[in-house]
Amino acid sequence: MARAFVFPGQGSQTVGMGHALAQAFPAAREAFEEVDDAVGRRLSAIMWEGPMDVLTLTANAQPALMAHSIAMLRVLEKEAGVDIENVMFVAGHSLGEYSALCAARAISLPETARLLRVRGEAMQDAVPAGEGAMAALIGVDLNAAQKAIDAAPGAGVCEIANDNAPGQVVISGHKARVEAVCAGAKAFGVKMAKLLPVSAPFHSSLMAPAADRMRDALEKAAVKPPLTPVVANVTAREATSPDEIRRLLVEQVTGRVRWTDSVAYIAANGCDTFVEIGAGKVLAGLIKRIVKDAKTISVGEPGDIDAFVKL
């Protein structure tokens, strides 16, 4: 069995996430405390007590999701004998790429938390509230999604942000243009076009100011070669050197999340089992659509550990 560890992105957060884990395992508690210290506030209290609208703020959700993932990984290392160097690949969806780099020891946990706090604030500040939007187009491939974008009337930016799985493409840009694409999407085979509950047009060229801020932050960050190959979002290939990792993380802010290609690359290189570590089960569902015969398991709470060990 060749395993890949994958880490979820924004949208998987829920109030209470990681609380049972922290109560049950000292290794998890220590991870949450490290993140709290790094960001200079009790982020864990927001995770466990809410309110949801505060947790969902980009500057909170991004480090919170990473903290949950790494806390779970530390429990697996302590309780289940996991050695990250024996994992074939790691990868993460959007902010999950930072979790993957932290898991592979390329970036320390406190450094990762600080970077995601900056990333969240920078992405939120890049576009005034209400001017940007994202939408999921269901039932079409990249070519059809691009045709829907090209045919939509009006000015403004609208770009493909995520290639999540066959039949699921996410677009991002100015709100009016995104809404225009959604309105005319059925003509191009889109079964459903749904605006997403996000506060900014992530992974579009409108995020350029955020990319500049992340470039500055990453230049100052300590980054080491990963112990396990990390598959980057924007290339769907391995990123190995610290300079390459920094460059690709900057490009990721405005670039497309090539999740379909990333999972396909991991599978083509001999991996048959994908372990989703952290909040939710979104990635496991996407992976089954990309690689039909892949084994998947989601591990985010104490009750998931026995199933992981049996697998």
# chains A, B, ... in the order shown; residues from 1 in each chain; ligands from 1

call {"tool": "select_by_dssp", "arguments": {"residues": "range 35-283 of chain A", "states": "strand (DSSP E or B)", "output": "PyMOL selection string"}}
result
chain A and resi 89-92+132-138+158-165+168-174+192-195+230-231+238-239+257+273-277

call {"tool": "write_last_selection", "arguments": {"atoms": "N, CA and C atoms", "output": "compact mmCIF listing (two decimals), in the first residue's frame"}}
result
# COMPACT_ATOMS: atom_id res chain seq x y z
N PHE A 89 3.63 10.78 -1.00
CA PHE A 89 3.44 12.18 -1.39
C PHE A 89 2.59 12.87 -0.32
N VAL A 90 2.73 14.19 -0.24
CA VAL A 90 1.76 15.03 0.45
C VAL A 90 1.30 16.12 -0.50
N ALA A 91 0.07 16.56 -0.32
CA ALA A 91 -0.49 17.63 -1.14
C ALA A 91 -1.64 18.26 -0.38
N GLY A 92 -1.96 19.50 -0.71
CA GLY A 92 -3.08 20.17 -0.05
C GLY A 92 -3.80 21.06 -1.02
N GLY A 132 -15.98 41.10 -5.24
CA GLY A 132 -15.53 39.84 -5.82
C GLY A 132 -16.47 38.70 -5.49
N ALA A 133 -16.35 37.61 -6.23
CA ALA A 133 -17.19 36.43 -6.00
C ALA A 133 -16.52 35.21 -6.60
N MET A 134 -16.98 34.04 -6.15
CA MET A 134 -16.58 32.76 -6.74
C MET A 134 -17.84 31.93 -6.94
N ALA A 135 -17.80 31.03 -7.91
CA ALA A 135 -18.94 30.17 -8.17
C ALA A 135 -18.46 28.81 -8.65
N ALA A 136 -19.22 27.77 -8.29
CA ALA A 136 -18.93 26.42 -8.75
C ALA A 136 -19.80 26.11 -9.96
N LEU A 137 -19.16 25.61 -11.02
CA LEU A 137 -19.87 25.15 -12.20
C LEU A 137 -19.86 23.62 -12.18
N ILE A 138 -21.03 23.01 -12.09
CA ILE A 138 -21.13 21.57 -11.93
C ILE A 138 -21.55 20.92 -13.25
N CYS A 158 -13.07 37.41 -14.87
CA CYS A 158 -13.62 36.12 -14.46
C CYS A 158 -12.69 35.04 -15.00
N GLU A 159 -12.17 34.22 -14.10
CA GLU A 159 -11.16 33.23 -14.47
C GLU A 159 -11.44 31.90 -13.78
N ILE A 160 -10.89 30.83 -14.33
CA ILE A 160 -10.99 29.53 -13.68
C ILE A 160 -10.02 29.51 -12.49
N ALA A 161 -10.57 29.25 -11.31
CA ALA A 161 -9.77 29.27 -10.09
C ALA A 161 -9.36 27.87 -9.65
N ASN A 162 -10.29 26.92 -9.71
CA ASN A 162 -10.04 25.56 -9.25
C ASN A 162 -10.52 24.56 -10.28
N ASP A 163 -9.69 23.60 -10.61
CA ASP A 163 -10.12 22.40 -11.33
C ASP A 163 -10.17 21.30 -10.28
N ASN A 164 -11.33 21.13 -9.64
CA ASN A 164 -11.42 20.29 -8.45
C ASN A 164 -11.54 18.80 -8.75
N ALA A 165 -12.29 18.47 -9.79
CA ALA A 165 -12.53 17.07 -10.15
C ALA A 165 -13.31 17.08 -11.46
N GLN A 168 -16.43 19.42 -11.92
CA GLN A 168 -16.52 20.49 -10.92
C GLN A 168 -15.40 21.51 -11.14
N VAL A 169 -15.79 22.67 -11.64
CA VAL A 169 -14.86 23.76 -11.91
C VAL A 169 -15.32 24.98 -11.13
N VAL A 170 -14.39 25.70 -10.52
CA VAL A 170 -14.73 26.91 -9.77
C VAL A 170 -14.17 28.11 -10.51
N ILE A 171 -15.01 29.14 -10.65
CA ILE A 171 -14.59 30.38 -11.29
C ILE A 171 -14.51 31.50 -10.25
N SER A 172 -13.75 32.55 -10.58
CA SER A 172 -13.49 33.61 -9.60
C SER A 172 -13.26 34.92 -10.34
N GLY A 173 -13.69 36.03 -9.71
CA GLY A 173 -13.44 37.34 -10.32
C GLY A 173 -14.38 38.40 -9.79
N HIS A 174 -14.61 39.43 -10.62
CA HIS A 174 -15.55 40.48 -10.24
C HIS A 174 -16.96 39.89 -10.14
N MET A 192 -25.40 22.94 -13.01
CA MET A 192 -25.73 23.85 -11.91
C MET A 192 -24.60 24.85 -11.75
N ALA A 193 -24.93 26.11 -11.59
CA ALA A 193 -23.96 27.16 -11.30
C ALA A 193 -24.34 27.78 -9.96
N LYS A 194 -23.44 27.72 -9.01
CA LYS A 194 -23.77 28.12 -7.64
C LYS A 194 -22.71 29.06 -7.09
N LEU A 195 -23.15 30.26 -6.68
CA LEU A 195 -22.23 31.18 -6.01
C LEU A 195 -21.78 30.58 -4.69
N VAL A 230 6.29 17.04 -2.03
CA VAL A 230 5.09 17.88 -1.95
C VAL A 230 4.66 18.23 -3.36
N VAL A 231 3.42 17.90 -3.72
CA VAL A 231 2.88 18.23 -5.04
C VAL A 231 2.21 19.59 -4.97
N GLU A 238 6.04 17.92 -8.24
CA GLU A 238 6.75 18.06 -6.98
C GLU A 238 7.53 19.37 -6.90
N ALA A 239 7.48 19.98 -5.74
CA ALA A 239 8.30 21.16 -5.43
C ALA A 239 9.34 20.71 -4.39
N VAL A 257 -5.80 26.29 -8.91
CA VAL A 257 -5.58 25.09 -8.12
C VAL A 257 -5.85 23.88 -9.02
N THR A 273 -3.57 4.88 -2.19
CA THR A 273 -4.35 5.20 -0.99
C THR A 273 -4.13 6.66 -0.61
N PHE A 274 -5.24 7.37 -0.40
CA PHE A 274 -5.20 8.79 -0.05
C PHE A 274 -5.81 8.97 1.33
N VAL A 275 -5.07 9.59 2.24
CA VAL A 275 -5.53 9.83 3.59
C VAL A 275 -5.75 11.34 3.75
N GLU A 276 -7.00 11.74 3.92
CA GLU A 276 -7.35 13.15 4.13
C GLU A 276 -7.23 13.45 5.62
N ILE A 277 -6.38 14.39 5.96
CA ILE A 277 -6.08 14.67 7.36
C ILE A 277 -6.56 16.07 7.72

call {"tool": "residues_around", "arguments": {"residues": "Ile290 in chain A", "least_positions_apart": "5", "cutoff": "8 Å", "atoms": "only C-alpha atoms", "output": "list in words"}}
result
Ala165, Pro166, Thr260, Val263 and Ala264 of chain A

call {"tool": "closest_residue", "arguments": {"among": "A:Ile305, A:Ala129, A:Val87, A:Leu73", "to": "Ser99 in chain A", "atoms": "only C-alpha atoms"}}
result
A:Leu73

call {"tool": "closest_residue", "arguments": {"among": "A:Val6, A:Val157, A:Ile84, A:Ala279", "to": "Gln62 in chain A", "atoms": "only C-alpha atoms"}}
result
A:Ala279

call {"tool": "residues_around", "arguments": {"residues": "range 32-39 of chain A", "least_positions_apart": "5", "cutoff": "8 Å", "atoms": "only C-alpha atoms", "output": "ChimeraX atom specification"}}
result
/A:22,44,63,67-68,71,109-111,113-114,117

call {"tool": "atom_distance", "arguments": {"atom1": "CA of Ala145 in chain A", "atom2": "CA of Arg177 in chain A"}}
result
13.6 Å

call {"tool": "residues_around", "arguments": {"residues": "Gln13 in chain A", "least_positions_apart": "4", "cutoff": "9 Å", "atoms": "only C-alpha atoms", "output": "list in words"}}
result
Gly9, Met17, Met47, Met52, Leu55, Thr56, Ala61, Gln62, Ala64, Leu65, Ala279 and Gly280 of chain A

call {"tool": "write_last_selection", "arguments": {"atoms": "N, CA and C atoms", "output": "PDB file, in the first residue's frame"}}
result
ATOM      1  N   GLY A   9      -8.774  22.453   2.286  1.00  0.00           N
ATOM      2  CA  GLY A   9      -8.694  23.896   2.160  1.00  0.00           C
ATOM      3  C   GLY A   9      -9.882  24.596   2.793  1.00  0.00           C
ATOM      4  N   MET A  17     -14.281  22.245  15.694  1.00  0.00           N
ATOM      5  CA  MET A  17     -13.264  21.455  15.002  1.00  0.00           C
ATOM      6  C   MET A  17     -12.016  21.283  15.879  1.00  0.00           C
ATOM      7  N   MET A  47     -12.025  28.392  17.266  1.00  0.00           N
ATOM      8  CA  MET A  47     -12.311  27.116  16.611  1.00  0.00           C
ATOM      9  C   MET A  47     -13.337  26.319  17.395  1.00  0.00           C
ATOM     10  N   MET A  52     -19.482  31.177  14.334  1.00  0.00           N
ATOM     11  CA  MET A  52     -19.104  30.692  13.012  1.00  0.00           C
ATOM     12  C   MET A  52     -18.653  31.828  12.099  1.00  0.00           C
ATOM     13  N   LEU A  55     -15.055  32.542  12.892  1.00  0.00           N
ATOM     14  CA  LEU A  55     -14.189  31.457  12.429  1.00  0.00           C
ATOM     15  C   LEU A  55     -14.033  31.482  10.917  1.00  0.00           C
ATOM     16  N   THR A  56     -15.090  31.846  10.203  1.00  0.00           N
ATOM     17  CA  THR A  56     -15.070  31.823   8.746  1.00  0.00           C
ATOM     18  C   THR A  56     -14.262  32.961   8.149  1.00  0.00           C
ATOM     19  N   ALA A  61      -9.871  31.316   9.438  1.00  0.00           N
ATOM     20  CA  ALA A  61     -10.145  29.991   8.888  1.00  0.00           C
ATOM     21  C   ALA A  61      -8.883  29.314   8.367  1.00  0.00           C
ATOM     22  N   GLN A  62      -8.012  30.091   7.727  1.00  0.00           N
ATOM     23  CA  GLN A  62      -6.838  29.470   7.106  1.00  0.00           C
ATOM     24  C   GLN A  62      -5.879  28.876   8.145  1.00  0.00           C
ATOM     25  N   ALA A  64      -6.616  28.121  11.175  1.00  0.00           N
ATOM     26  CA  ALA A  64      -7.378  27.156  11.974  1.00  0.00           C
ATOM     27  C   ALA A  64      -7.426  25.796  11.297  1.00  0.00           C
ATOM     28  N   LEU A  65      -7.697  25.768  10.011  1.00  0.00           N
ATOM     29  CA  LEU A  65      -7.753  24.502   9.289  1.00  0.00           C
ATOM     30  C   LEU A  65      -6.395  23.820   9.269  1.00  0.00           C
ATOM     31  N   ALA A 279     -10.098  18.639   8.809  1.00  0.00           N
ATOM     32  CA  ALA A 279     -11.546  18.855   8.885  1.00  0.00           C
ATOM     33  C   ALA A 279     -12.260  18.367   7.628  1.00  0.00           C
ATOM     34  N   GLY A 280     -13.368  17.669   7.831  1.00  0.00           N
ATOM     35  CA  GLY A 280     -14.255  17.329   6.728  1.00  0.00           C
ATOM     36  C   GLY A 280     -13.804  16.143   5.883  1.00  0.00           C
TER      37      GLY A 280
END

call {"tool": "closest_residue", "arguments": {"among": "A:Ala267, A:Met123, A:Ala152, A:Val140", "to": "Leu206 in chain A", "atoms": "only C-alpha atoms"}}
result
A:Met123

call {"tool": "select_by_dssp", "arguments": {"residues": "range 126-310 of chain A", "states": "alpha helix (DSSP H)", "output": "PyMOL selection string"}}
result
chain A and resi 142-151+175-184+208-220+242-254+259-268+282-290+305-310

call {"tool": "atom_distance", "arguments": {"atom1": "CA of Cys102 in chain A", "atom2": "CA of Asp212 in chain A"}}
result
21.9 Å

call {"tool": "residues_around", "arguments": {"residues": "range 306-308 of chain A", "least_positions_apart": "4", "cutoff": "9 Å", "atoms": "only C-alpha atoms", "output": "count of residues only"}}
result
7

call {"tool": "closest_residue", "arguments": {"among": "A:Ser94, A:Thr296, A:Thr112, A:Asn143", "to": "Thr254 in chain A", "atoms": "only C-alpha atoms"}}
result
A:Ser94

call {"tool": "closest_residue", "arguments": {"among": "A:Gln23, A:Gln124, A:Ser12, A:Ser204", "to": "Ser69 in chain A", "atoms": "only C-alpha atoms"}}
result
A:Ser12

call {"tool": "atom_distance", "arguments": {"atom1": "CA of Arg119 in chain A", "atom2": "CA of Gly167 in chain A"}}
result
28.8 Å

call {"tool": "closest_residue", "arguments": {"among": "A:Ala59, A:Ile70, A:Ala200, A:Val118", "to": "Ala217 in chain A", "atoms": "only C-alpha atoms"}}
result
A:Val118
